[in-house]
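Trainee: Contents are mmCIF, N, CA and C atoms; file name model10.cif:
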data_run
loop_
_atom_site.group_PDB
_atom_site.id
_atom_site.type_symbol
_atom_site.label_atom_id
_atom_site.label_comp_id
_atom_site.auth_asym_id
_atom_site.auth_seq_id
_atom_site.Cartn_x
_atom_site.Cartn_y
_atom_site.Cartn_z
ATOM 1 N N MET A 1 -2.886 11.942 -5.996
ATOM 2 C CA MET A 1 -2.195 10.991 -6.838
ATOM 3 C C MET A 1 -2.527 9.591 -6.348
ATOM 4 N N LEU A 2 -2.493 8.632 -7.253
ATOM 5 C CA LEU A 2 -2.708 7.240 -6.861
ATOM 6 C C LEU A 2 -1.359 6.580 -6.674
ATOM 7 N N LEU A 3 -1.207 5.948 -5.537
ATOM 8 C CA LEU A 3 0.016 5.250 -5.187
ATOM 9 C C LEU A 3 -0.322 3.778 -5.013
ATOM 10 N N LEU A 4 0.410 2.928 -5.684
ATOM 11 C CA LEU A 4 0.263 1.488 -5.518
ATOM 12 C C LEU A 4 1.404 1.030 -4.632
ATOM 13 N N VAL A 5 1.070 0.386 -3.523
ATOM 14 C CA VAL A 5 2.072 -0.091 -2.571
ATOM 15 C C VAL A 5 2.019 -1.607 -2.566
ATOM 16 N N THR A 6 3.162 -2.231 -2.823
ATOM 17 C CA THR A 6 3.263 -3.687 -2.762
ATOM 18 C C THR A 6 4.387 -4.036 -1.799
ATOM 19 N N TYR A 7 4.198 -5.105 -1.053
ATOM 20 C CA TYR A 7 5.228 -5.467 -0.083
ATOM 21 C C TYR A 7 5.339 -6.975 0.065
ATOM 22 N N ASP A 8 6.512 -7.388 0.486
ATOM 23 C CA ASP A 8 6.812 -8.784 0.764
ATOM 24 C C ASP A 8 7.589 -8.798 2.070
ATOM 25 N N VAL A 9 6.946 -9.248 3.130
ATOM 26 C CA VAL A 9 7.556 -9.267 4.449
ATOM 27 C C VAL A 9 7.845 -10.715 4.817
ATOM 28 N N ASN A 10 9.076 -10.972 5.235
ATOM 29 C CA ASN A 10 9.481 -12.316 5.653
ATOM 30 C C ASN A 10 8.742 -12.672 6.936
ATOM 31 N N THR A 11 7.978 -13.770 6.905
ATOM 32 C CA THR A 11 7.166 -14.154 8.067
ATOM 33 C C THR A 11 7.639 -15.465 8.700
ATOM 34 N N GLU A 12 8.920 -15.762 8.591
ATOM 35 C CA GLU A 12 9.453 -16.993 9.187
ATOM 36 C C GLU A 12 9.558 -16.903 10.704
ATOM 37 N N THR A 13 9.517 -15.693 11.241
ATOM 38 C CA THR A 13 9.628 -15.496 12.685
ATOM 39 C C THR A 13 8.397 -14.756 13.198
ATOM 40 N N LYS A 14 8.223 -14.758 14.518
ATOM 41 C CA LYS A 14 7.124 -13.987 15.115
ATOM 42 C C LYS A 14 7.286 -12.502 14.826
ATOM 43 N N ALA A 15 8.533 -12.030 14.862
ATOM 44 C CA ALA A 15 8.799 -10.617 14.571
ATOM 45 C C ALA A 15 8.379 -10.276 13.146
ATOM 46 N N GLY A 16 8.640 -11.176 12.210
ATOM 47 C CA GLY A 16 8.247 -10.960 10.822
ATOM 48 C C GLY A 16 6.739 -10.913 10.664
ATOM 49 N N LYS A 17 6.036 -11.805 11.334
ATOM 50 C CA LYS A 17 4.572 -11.812 11.280
ATOM 51 C C LYS A 17 4.011 -10.520 11.861
ATOM 52 N N LYS A 18 4.645 -10.030 12.919
ATOM 53 C CA LYS A 18 4.221 -8.772 13.522
ATOM 54 C C LYS A 18 4.456 -7.604 12.564
ATOM 55 N N ARG A 19 5.622 -7.599 11.877
ATOM 56 C CA ARG A 19 5.912 -6.544 10.891
ATOM 57 C C ARG A 19 4.882 -6.564 9.770
ATOM 58 N N LEU A 20 4.518 -7.756 9.317
ATOM 59 C CA LEU A 20 3.538 -7.886 8.242
ATOM 60 C C LEU A 20 2.216 -7.235 8.650
ATOM 61 N N ARG A 21 1.751 -7.516 9.855
ATOM 62 C CA ARG A 21 0.501 -6.921 10.332
ATOM 63 C C ARG A 21 0.623 -5.399 10.438
ATOM 64 N N LYS A 22 1.779 -4.921 10.902
ATOM 65 C CA LYS A 22 1.985 -3.473 11.038
ATOM 66 C C LYS A 22 1.999 -2.773 9.682
ATOM 67 N N VAL A 23 2.682 -3.369 8.714
ATOM 68 C CA VAL A 23 2.730 -2.770 7.374
ATOM 69 C C VAL A 23 1.321 -2.708 6.783
ATOM 70 N N ALA A 24 0.571 -3.797 6.915
ATOM 71 C CA ALA A 24 -0.802 -3.819 6.389
ATOM 72 C C ALA A 24 -1.660 -2.759 7.068
ATOM 73 N N LYS A 25 -1.511 -2.615 8.372
ATOM 74 C CA LYS A 25 -2.311 -1.621 9.100
ATOM 75 C C LYS A 25 -1.979 -0.194 8.651
ATOM 76 N N VAL A 26 -0.701 0.093 8.463
ATOM 77 C CA VAL A 26 -0.311 1.424 7.975
ATOM 78 C C VAL A 26 -0.926 1.667 6.598
ATOM 79 N N CYS A 27 -0.831 0.685 5.714
ATOM 80 C CA CYS A 27 -1.393 0.840 4.367
ATOM 81 C C CYS A 27 -2.908 1.047 4.418
ATOM 82 N N GLN A 28 -3.584 0.344 5.317
ATOM 83 C CA GLN A 28 -5.044 0.502 5.444
ATOM 84 C C GLN A 28 -5.417 1.907 5.881
ATOM 85 N N ASN A 29 -4.531 2.580 6.586
ATOM 86 C CA ASN A 29 -4.800 3.961 7.000
ATOM 87 C C ASN A 29 -4.788 4.929 5.828
ATOM 88 N N TYR A 30 -4.187 4.523 4.708
ATOM 89 C CA TYR A 30 -4.037 5.415 3.563
ATOM 90 C C TYR A 30 -4.816 4.973 2.331
ATOM 91 N N GLY A 31 -5.231 3.704 2.294
ATOM 92 C CA GLY A 31 -5.866 3.246 1.067
ATOM 93 C C GLY A 31 -6.653 1.971 1.228
ATOM 94 N N GLN A 32 -6.874 1.322 0.107
ATOM 95 C CA GLN A 32 -7.718 0.142 0.014
ATOM 96 C C GLN A 32 -6.897 -1.062 -0.431
ATOM 97 N N ARG A 33 -7.046 -2.178 0.307
ATOM 98 C CA ARG A 33 -6.376 -3.417 -0.099
ATOM 99 C C ARG A 33 -7.055 -3.936 -1.367
ATOM 100 N N VAL A 34 -6.265 -4.217 -2.406
ATOM 101 C CA VAL A 34 -6.810 -4.768 -3.646
ATOM 102 C C VAL A 34 -6.357 -6.207 -3.870
ATOM 103 N N GLN A 35 -5.280 -6.607 -3.229
ATOM 104 C CA GLN A 35 -4.823 -7.987 -3.184
ATOM 105 C C GLN A 35 -4.103 -8.169 -1.853
ATOM 106 N N ASN A 36 -3.692 -9.386 -1.531
ATOM 107 C CA ASN A 36 -3.156 -9.652 -0.195
ATOM 108 C C ASN A 36 -2.100 -8.654 0.267
ATOM 109 N N SER A 37 -1.120 -8.380 -0.523
ATOM 110 C CA SER A 37 -0.049 -7.453 -0.130
ATOM 111 C C SER A 37 0.057 -6.285 -1.099
ATOM 112 N N VAL A 38 -1.093 -5.841 -1.592
ATOM 113 C CA VAL A 38 -1.151 -4.739 -2.560
ATOM 114 C C VAL A 38 -2.245 -3.761 -2.145
ATOM 115 N N PHE A 39 -1.883 -2.486 -2.056
ATOM 116 C CA PHE A 39 -2.831 -1.442 -1.686
ATOM 117 C C PHE A 39 -2.825 -0.333 -2.721
ATOM 118 N N GLU A 40 -4.011 0.203 -3.009
ATOM 119 C CA GLU A 40 -4.149 1.416 -3.805
ATOM 120 C C GLU A 40 -4.446 2.546 -2.828
ATOM 121 N N CYS A 41 -3.625 3.582 -2.863
ATOM 122 C CA CYS A 41 -3.753 4.695 -1.922
ATOM 123 C C CYS A 41 -3.881 6.004 -2.693
ATOM 124 N N LEU A 42 -4.974 6.703 -2.496
ATOM 125 C CA LEU A 42 -5.175 8.012 -3.102
ATOM 126 C C LEU A 42 -4.693 9.044 -2.091
ATOM 127 N N VAL A 43 -3.515 9.621 -2.337
ATOM 128 C CA VAL A 43 -2.845 10.466 -1.342
ATOM 129 C C VAL A 43 -2.317 11.758 -1.955
ATOM 130 N N GLU A 44 -2.059 12.696 -1.070
ATOM 131 C CA GLU A 44 -1.357 13.934 -1.420
ATOM 132 C C GLU A 44 0.150 13.666 -1.268
ATOM 133 N N PRO A 45 1.000 14.483 -1.877
ATOM 134 C CA PRO A 45 2.449 14.255 -1.775
ATOM 135 C C PRO A 45 2.961 14.135 -0.331
ATOM 136 N N ALA A 46 2.468 14.955 0.572
ATOM 137 C CA ALA A 46 2.920 14.883 1.967
ATOM 138 C C ALA A 46 2.506 13.568 2.615
ATOM 139 N N GLN A 47 1.312 13.081 2.283
ATOM 140 C CA GLN A 47 0.859 11.795 2.818
ATOM 141 C C GLN A 47 1.724 10.657 2.267
ATOM 142 N N TYR A 48 2.098 10.765 1.002
ATOM 143 C CA TYR A 48 2.965 9.760 0.378
ATOM 144 C C TYR A 48 4.287 9.670 1.143
ATOM 145 N N ARG A 49 4.895 10.807 1.418
ATOM 146 C CA ARG A 49 6.167 10.804 2.143
ATOM 147 C C ARG A 49 6.015 10.211 3.538
ATOM 148 N N LEU A 50 4.913 10.519 4.204
ATOM 149 C CA LEU A 50 4.676 9.988 5.546
ATOM 150 C C LEU A 50 4.449 8.483 5.505
ATOM 151 N N LEU A 51 3.632 8.017 4.584
ATOM 152 C CA LEU A 51 3.379 6.584 4.420
ATOM 153 C C LEU A 51 4.677 5.844 4.145
ATOM 154 N N GLN A 52 5.449 6.355 3.208
ATOM 155 C CA GLN A 52 6.722 5.728 2.845
ATOM 156 C C GLN A 52 7.653 5.682 4.046
ATOM 157 N N SER A 53 7.750 6.765 4.774
ATOM 158 C CA SER A 53 8.616 6.828 5.946
ATOM 159 C C SER A 53 8.189 5.823 7.012
ATOM 160 N N GLN A 54 6.885 5.724 7.262
ATOM 161 C CA GLN A 54 6.391 4.798 8.275
ATOM 162 C C GLN A 54 6.726 3.346 7.921
ATOM 163 N N ILE A 55 6.539 2.991 6.675
ATOM 164 C CA ILE A 55 6.804 1.611 6.264
ATOM 165 C C ILE A 55 8.299 1.318 6.275
ATOM 166 N N VAL A 56 9.089 2.208 5.721
ATOM 167 C CA VAL A 56 10.538 1.988 5.657
ATOM 168 C C VAL A 56 11.127 1.878 7.068
ATOM 169 N N ASP A 57 10.623 2.665 7.998
ATOM 170 C CA ASP A 57 11.134 2.627 9.368
ATOM 171 C C ASP A 57 10.834 1.312 10.078
ATOM 172 N N MET A 58 9.744 0.630 9.717
ATOM 173 C CA MET A 58 9.382 -0.599 10.431
ATOM 174 C C MET A 58 9.886 -1.872 9.744
ATOM 175 N N MET A 59 10.312 -1.780 8.502
ATOM 176 C CA MET A 59 10.710 -2.987 7.784
ATOM 177 C C MET A 59 12.142 -3.409 8.117
ATOM 178 N N ASP A 60 12.405 -4.681 7.901
ATOM 179 C CA ASP A 60 13.756 -5.221 8.027
ATOM 180 C C ASP A 60 14.334 -5.239 6.613
ATOM 181 N N LYS A 61 15.232 -4.314 6.327
ATOM 182 C CA LYS A 61 15.742 -4.140 4.958
ATOM 183 C C LYS A 61 16.558 -5.333 4.460
ATOM 184 N N GLU A 62 16.964 -6.216 5.370
ATOM 185 C CA GLU A 62 17.696 -7.425 4.977
ATOM 186 C C GLU A 62 16.749 -8.549 4.559
ATOM 187 N N LYS A 63 15.480 -8.496 5.007
ATOM 188 C CA LYS A 63 14.545 -9.603 4.781
ATOM 189 C C LYS A 63 13.278 -9.210 4.029
ATOM 190 N N ASP A 64 12.894 -7.950 4.080
ATOM 191 C CA ASP A 64 11.627 -7.491 3.518
ATOM 192 C C ASP A 64 11.861 -6.604 2.300
ATOM 193 N N SER A 65 10.819 -6.438 1.512
ATOM 194 C CA SER A 65 10.897 -5.480 0.410
ATOM 195 C C SER A 65 9.544 -4.797 0.242
ATOM 196 N N VAL A 66 9.596 -3.571 -0.227
ATOM 197 C CA VAL A 66 8.393 -2.800 -0.509
ATOM 198 C C VAL A 66 8.624 -2.010 -1.794
ATOM 199 N N ARG A 67 7.564 -1.851 -2.566
ATOM 200 C CA ARG A 67 7.631 -1.063 -3.795
ATOM 201 C C ARG A 67 6.508 -0.047 -3.776
ATOM 202 N N PHE A 68 6.827 1.170 -4.182
ATOM 203 C CA PHE A 68 5.863 2.253 -4.280
ATOM 204 C C PHE A 68 5.776 2.652 -5.747
ATOM 205 N N TYR A 69 4.604 2.515 -6.346
ATOM 206 C CA TYR A 69 4.389 2.891 -7.737
ATOM 207 C C TYR A 69 3.506 4.137 -7.751
ATOM 208 N N ASN A 70 4.054 5.265 -8.171
ATOM 209 C CA ASN A 70 3.308 6.507 -8.244
ATOM 210 C C ASN A 70 2.632 6.582 -9.609
ATOM 211 N N LEU A 71 1.313 6.427 -9.625
ATOM 212 C CA LEU A 71 0.558 6.468 -10.875
ATOM 213 C C LEU A 71 0.047 7.875 -11.182
ATOM 214 N N GLY A 72 0.344 8.822 -10.315
ATOM 215 C CA GLY A 72 0.023 10.219 -10.569
ATOM 216 C C GLY A 72 -1.455 10.555 -10.465
ATOM 217 N N ASN A 73 -1.788 11.727 -10.966
ATOM 218 C CA ASN A 73 -3.164 12.214 -10.904
ATOM 219 C C ASN A 73 -4.023 11.738 -12.069
ATOM 220 N N GLU A 74 -3.395 11.279 -13.111
ATOM 221 C CA GLU A 74 -4.131 10.767 -14.278
ATOM 222 C C GLU A 74 -4.234 9.252 -14.231
ATOM 223 N N TRP A 75 -4.307 8.717 -13.035
ATOM 224 C CA TRP A 75 -4.268 7.275 -12.819
ATOM 225 C C TRP A 75 -5.434 6.527 -13.441
ATOM 226 N N LYS A 76 -6.581 7.151 -13.605
ATOM 227 C CA LYS A 76 -7.746 6.448 -14.159
ATOM 228 C C LYS A 76 -7.468 5.940 -15.573
ATOM 229 N N LYS A 77 -6.576 6.608 -16.296
ATOM 230 C CA LYS A 77 -6.214 6.179 -17.645
ATOM 231 C C LYS A 77 -5.216 5.027 -17.610
ATOM 232 N N ARG A 78 -4.607 4.760 -16.438
ATOM 233 C CA ARG A 78 -3.533 3.777 -16.337
ATOM 234 C C ARG A 78 -3.954 2.485 -15.638
ATOM 235 N N VAL A 79 -5.149 2.461 -15.062
ATOM 236 C CA VAL A 79 -5.576 1.304 -14.289
ATOM 237 C C VAL A 79 -6.709 0.608 -15.021
ATOM 238 N N GLU A 80 -6.535 -0.672 -15.243
ATOM 239 C CA GLU A 80 -7.565 -1.487 -15.872
ATOM 240 C C GLU A 80 -7.772 -2.715 -14.999
ATOM 241 N N HIS A 81 -9.015 -3.028 -14.714
ATOM 242 C CA HIS A 81 -9.325 -4.172 -13.856
ATOM 243 C C HIS A 81 -10.145 -5.184 -14.632
ATOM 244 N N VAL A 82 -9.787 -6.457 -14.496
ATOM 245 C CA VAL A 82 -10.516 -7.550 -15.126
ATOM 246 C C VAL A 82 -10.689 -8.647 -14.087
ATOM 247 N N GLY A 83 -11.868 -9.183 -13.971
ATOM 248 C CA GLY A 83 -12.075 -10.329 -13.092
ATOM 249 C C GLY A 83 -12.815 -10.005 -11.811
ATOM 250 N N ALA A 84 -12.677 -10.913 -10.856
ATOM 251 C CA ALA A 84 -13.393 -10.844 -9.585
ATOM 252 C C ALA A 84 -12.980 -9.628 -8.769
ATOM 253 N N LYS A 85 -13.708 -9.403 -7.711
ATOM 254 C CA LYS A 85 -13.459 -8.288 -6.792
ATOM 255 C C LYS A 85 -13.499 -6.963 -7.543
ATOM 256 N N PRO A 86 -14.697 -6.466 -7.817
ATOM 257 C CA PRO A 86 -14.811 -5.213 -8.575
ATOM 258 C C PRO A 86 -14.039 -4.067 -7.917
ATOM 259 N N SER A 87 -13.557 -3.180 -8.749
ATOM 260 C CA SER A 87 -12.806 -2.017 -8.267
ATOM 261 C C SER A 87 -13.707 -1.113 -7.452
ATOM 262 N N LEU A 88 -13.115 -0.478 -6.453
ATOM 263 C CA LEU A 88 -13.837 0.473 -5.624
ATOM 264 C C LEU A 88 -13.603 1.877 -6.152
ATOM 265 N N ASP A 89 -14.540 2.760 -5.871
ATOM 266 C CA ASP A 89 -14.393 4.156 -6.216
ATOM 267 C C ASP A 89 -13.532 4.816 -5.153
ATOM 268 N N LEU A 90 -12.247 5.003 -5.440
ATOM 269 C CA LEU A 90 -11.316 5.563 -4.463
ATOM 270 C C LEU A 90 -11.628 6.999 -4.093
ATOM 271 N N GLU A 91 -12.356 7.677 -4.949
ATOM 272 C CA GLU A 91 -12.696 9.075 -4.682
ATOM 273 C C GLU A 91 -14.096 9.221 -4.095
ATOM 274 N N GLY A 92 -14.817 8.118 -3.958
ATOM 275 C CA GLY A 92 -16.176 8.154 -3.442
ATOM 276 C C GLY A 92 -16.232 8.222 -1.924
ATOM 277 N N VAL A 93 -17.436 8.271 -1.417
ATOM 278 C CA VAL A 93 -17.676 8.327 0.023
ATOM 279 C C VAL A 93 -17.503 6.933 0.598
ATOM 280 N N ILE A 94 -16.767 6.856 1.711
ATOM 281 C CA ILE A 94 -16.572 5.582 2.388
ATOM 282 C C ILE A 94 -17.455 5.555 3.621
ATOM 283 N N ILE A 95 -18.298 4.540 3.698
ATOM 284 C CA ILE A 95 -19.179 4.376 4.850
ATOM 285 C C ILE A 95 -18.692 3.158 5.628
ATOM 286 N N ALA A 96 -18.316 3.375 6.875
ATOM 287 C CA ALA A 96 -17.785 2.278 7.687
ATOM 288 C C ALA A 96 -18.827 1.741 8.622
#
Could you render the structure as C-alpha cells?

Mentor:
Amino acid sequence: MLLLVTYDVNTETKAGKKRLRKVAKVCQNYGQRVQNSVFECLVEPAQYRLLQSQIVDMMDKEKDSVRFYNLGNEWKKRVEHVGAKPSLDLEGVIIA
C-alpha cells in the first residue's frame, strides 16, 4: 500500500530540531521524500504500524503533528504529479 506521511514538528528549541531530524530519518527508512516534510512510503500493513508507532512515540503531541494518508494498493490511480522533481518509481530498483 502507498502511505503518504506529512509532519509538522515545532523547531523553536534544540529538542524540536532534534525531533524533526529523527522523524525525517524514520520516514527515510520506509520511503522517499517528495517534499520537505512529506514522504511517500510503499509499505506492508505491519510496516505501516511500525512506522506509525515509531513516529508517534518520538513526537511531542502538544507541539507537533503528523498525518498518515493510506492510499491503498490502487494508489497509481490516485496520484498525479505536475511540475518539477519528477516522480520516482516506488516499485523499481533502488541503487544507492

Trainee: Report as a list of chain:residue names all protein, DNA and RNA residues lying within 8 Å of Phe39 in chain A, evaluated on all atoms listed in the file, omitting residues in the same chain fewer than 2 positions from it.

Mentor: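 Near neighbours after the sequence-gap exclusion: A:Leu3, A:Leu4, A:Val5, A:Thr6, A:Tyr7, A:Cys27, A:Gln28, A:Tyr30, A:Gly31, A:Gln32, A:Arg33, A:Val34, A:Gln35, A:Asn36, A:Ser37, A:Cys41, A:Leu42.
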
Trainee: Give me, as an MDAnalysis selection string, the residues of chain A that a backbone DSSP run labels strand (DSSP E).

Mentor: chainID A and resid 2:8 31:35 38:42 65:72

Trainee: For Glu40 in chain A, which of A:Met59, A:Lys25, A:Leu2, A:Ser53 is the closest residue, counting all atoms listed in the file?

Mentor: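 Comparing A:Met59, A:Lys25, A:Leu2, A:Ser53 against Glu40 in chain A, the winner is A:Leu2.
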
Trainee: Measure the distance from CA of Val23 in chain A to CA of Met58 in chain A in Å and round it to one decimal.

Mentor: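 Atom-to-atom, CA of Val23 in chain A and CA of Met58 in chain A are spaced 7.6 Å apart.
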
Trainee: Figure out the distance between atom N of Lys17 in chain A and CA of Ile55 in chain A, please, to one decimal in Å.

Mentor: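 One can read the CA of Ile55 in chain A to atom N of Lys17 in chain A distance as 14.4 Å.
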
Trainee: Residues near Arg19 in chain A, anyone? I mean within 9 Å using only C-alpha atoms, not counting same-chain ones fewer than 4 positions away, as a ChimeraX atom specification.

Mentor: /A:9-11,14-15,23-24,58-60

Trainee: Grab the CA of Leu50 in chain A to CA of Tyr69 in chain A distance for me, in Å with one decimal place.

Mentor: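 Computing it gives 15.1 Å between the two atoms.
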
Trainee: Give the padded box for range 41-48 of chain A as lines of an AutoDock Vina configuration file: axis-aligned, covering all atoms listed in the file, 8 Å on each side, centre and edge lengths in Å to one decimal.

Mentor:
center_x = -0.4
center_y = 9.3
center_z = -0.1
size_x = 25.5
size_y = 27.4
size_z = 21.9

Trainee: Pick from A:Thr13, A:Asn70, A:Gly83, A:Asp8: nearest to Glu44 in chain A, with only C-alpha atoms counted?

Mentor: A:Asn70
